[in-house]
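Everything below concerns the one structure shown next.
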Amino acid sequence: MTDKNFLRDFPILNRTMNGKPIVYLDNSATTQKPESVVRSICGYYGGCNANPHRGAYQLSIRATDIYETARARVAKFINAPSPAEIIFTKNATESLNLVAYSYGLTNVKSGDDIVITVSEHHSNLVPWQRVAQSVGANLKYIYLNADGTLNDSDIDQKISDRTKIVAVTHVSNVLGLKNDVRAIADKAHAVGAVIVVDGAQSTPHIPVDVRALDADFFAFSGHKMLSPMGIGVLYGRERLLDAMPPFLSGGDMIEYVEEQSTTYAELPQKFEAGTQNVGGAAGLTAAIDYIETVGFDRIESIERQLLDYALPRLRELPFIELYGCDQSVLDRKTGIIAFNVRDVHPHDVSTILDLEGVAIRAGHHCAQPLTKYLKQTATCRASFYFYNTTDDIDRLVDALKKVRKVLRLDP
Amino acid sequence: MTLENIYTELIAEHSRSTDNRRHLEHATSVERGHNPSCGDEITLELEVADGKIIDAAFNGAGCAISQASTDMMIELLKGREVDDAKRLATLFIDMIKGKVTDDDLLEAELDEAATLKNISTMPARVKCATLAWHTLLTSIER
């Protein structure tokens, strides 16, 4: 059941927006942060701040401990075999860029194929475009069935002996549909390719097990799962990370530096140049604690309940067009609903909802090729997290009923 | 700020008006403008002769504010000297930035486009309102 008690932990959700109580339905963009996470960041900077891995004094040792505890916590959270395979970055985008530039530029050659899906976020698309352009490789797209799911025969057709990398999102950030990553990983591995998984929209909402997915690389952002902005994660298979050249270079990622040459630190430091976001890592640990206390069973069942409540109410509105919400996909649908109001641009919808206190996202959601593929210029997106309630859905529906009236399209 | 202050009758009308949505047979310049973050897109066509905008038209897709603003701009600038159009575009942009606030002056100079003044209090929509005017300035610079 949806639960108003969570609101006690998220003071921001008790504020008002344009004079109305906030209904926050932009969780796919970023989630709100519980007090425990905010406290952990304040606690770090207020009591434990020092540069980790450097000083041999107590504060620095404490900072190192907080940072490395977070790494071990993340490894356990996604069932990674070793904390050395957890690289901290600033977000999923940086994680994916790290793989593209370090692994991609080294291993993809002219004439090879990189295969992605048309529903990728720009962060799992533009870096691959750049790699393909740099080395003269082909960037191939897996397209969708009419219901928004990946087309299986297209997967089989696009993944071939020429494929070196398959990069795919675990959950689409527009349609909210889960992809069968394991099946795609098996196909990629069968042709000797690696699979890169964008987990930004899955990790906050469903249990992630990188071993069960057989992912070679898995990227996610802290800020979409209750953590502060500026901390992200890349999981990579140890043997792959070991063989890869560094991405960024500088302090803390070295072993010996001579005037003309350098040897690099072991994993994971090899990929963590410069002073890292220890406060963010402390926040991420607190966020994982919070999520595990709620539990994924409960998170999934609340989001399911919100979907089951929202979809029929949205379908009742004759002027709403839904994307990726067909009956055939509901078993793989997460709490993301993309829609349009007939004859109204999403930005106008979003402004009108804003004035009613309802926060949604409008635009192309950093997935322009998908928006184009859906034959839209932009869409609206409402996305849920476990702290949302059925009251929030009522407020969304009530606000949507006003949109066409405000624009004088309906009496 | 209330919905009625932003989505006025006038803006609703202009956003749907088709009077200026057409192609010019003798366009002397065609300029595309777009807001990558939201997907507003317009193509502005001008027919300029002897330093004067003889005719103007546009095609595009986007939010009510960007489309209404474009339509209002064309109505305002048709028949004006290019230099005058440039001056008014700068004035409009300054109004949206909140730099010029004198209602009497704005209404006298910008006519219906002055009703978009409220957008100056909505940072998220500033780019929608100014898209056409920036596109016009780019077109004139060329």
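Just so we're on the same page: first chain in the structure tokens is A, next is B, and so on; residues restart at 1 for each chain, and ligands are numbered from 1 in the order they show up.
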
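Residues of chain A lying within 7 Å of chain B, counting only C-alpha atoms, are His345, His347, Asp348, Ile352, Leu355, Gly363, His364, Thr377, Ala378, Val406, Leu407 and Arg408 of chain A.
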
Which polymer residues have any atom within 10 Å of an atom of Glu112 (chain B), counting only C-alpha atoms, with same-chain residues fewer than 2 positions away left out, as a list in words?
->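 Counting only C-alpha atoms, the residues come to Leu10, Ile11, His14, Ser69, Met72, Met73, Glu75, Leu76, Leu106, Glu107, Ala108, Glu109, Leu110, Ala114, Thr115 and Leu116 of chain B.
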
Would you save the residues from that selection as a compact mmCIF listing (two decimals), in the first residue's frame, using N, CA and C atoms?
```txt
# COMPACT_ATOMS: atom_id res chain seq x y z
N LEU B 10 -5.34 36.03 -25.50
CA LEU B 10 -4.55 36.49 -26.64
C LEU B 10 -3.47 35.48 -27.02
N ILE B 11 -2.79 34.94 -26.01
CA ILE B 11 -1.73 33.97 -26.28
C ILE B 11 -2.33 32.68 -26.83
N HIS B 14 -3.20 33.49 -30.53
CA HIS B 14 -2.02 33.60 -31.40
C HIS B 14 -1.31 32.26 -31.57
N SER B 69 4.39 33.84 -29.47
CA SER B 69 5.39 34.91 -29.52
C SER B 69 5.84 35.15 -30.96
N MET B 72 3.02 36.89 -32.88
CA MET B 72 2.91 38.30 -32.49
C MET B 72 4.06 39.12 -33.08
N MET B 73 5.24 38.53 -33.11
CA MET B 73 6.41 39.23 -33.64
C MET B 73 6.21 39.56 -35.12
N GLU B 75 3.41 39.89 -36.76
CA GLU B 75 2.40 40.95 -36.90
C GLU B 75 3.00 42.33 -36.63
N LEU B 76 3.88 42.36 -35.63
CA LEU B 76 4.47 43.64 -35.23
C LEU B 76 5.45 44.17 -36.27
N LEU B 106 6.29 49.72 -23.18
CA LEU B 106 6.26 48.40 -23.81
C LEU B 106 5.02 48.22 -24.67
N GLU B 107 3.87 48.67 -24.15
CA GLU B 107 2.64 48.53 -24.93
C GLU B 107 2.68 49.38 -26.18
N ALA B 108 3.24 50.60 -26.06
CA ALA B 108 3.31 51.50 -27.21
C ALA B 108 4.23 50.93 -28.29
N GLU B 109 5.31 50.32 -27.87
CA GLU B 109 6.30 49.83 -28.83
C GLU B 109 5.99 48.42 -29.33
N LEU B 110 5.58 47.54 -28.42
CA LEU B 110 5.49 46.11 -28.77
C LEU B 110 4.07 45.64 -29.03
N ALA B 114 3.62 42.80 -25.94
CA ALA B 114 3.89 43.26 -24.56
C ALA B 114 3.15 42.39 -23.54
N THR B 115 2.12 41.68 -24.00
CA THR B 115 1.37 40.84 -23.04
C THR B 115 2.20 39.63 -22.58
N LEU B 116 3.33 39.39 -23.24
CA LEU B 116 4.19 38.28 -22.81
C LEU B 116 5.11 38.68 -21.66
```

Tell me which of A:Asn277, A:Ser350, A:Thr106, A:Gln133 sits closest to Pro246 (chain A), counting only C-alpha atoms.
-> A:Thr106

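Atom pair CA of Asn59 (chain B) / CA of Ser120 (chain B): separated by 24.9 Å.
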
Within 8 Å of Asp55 (chain B) using only C-alpha atoms, minus same-chain residues under 6 positions, as a PyMOL selection string | chain B and resi 24+46-48+78-79
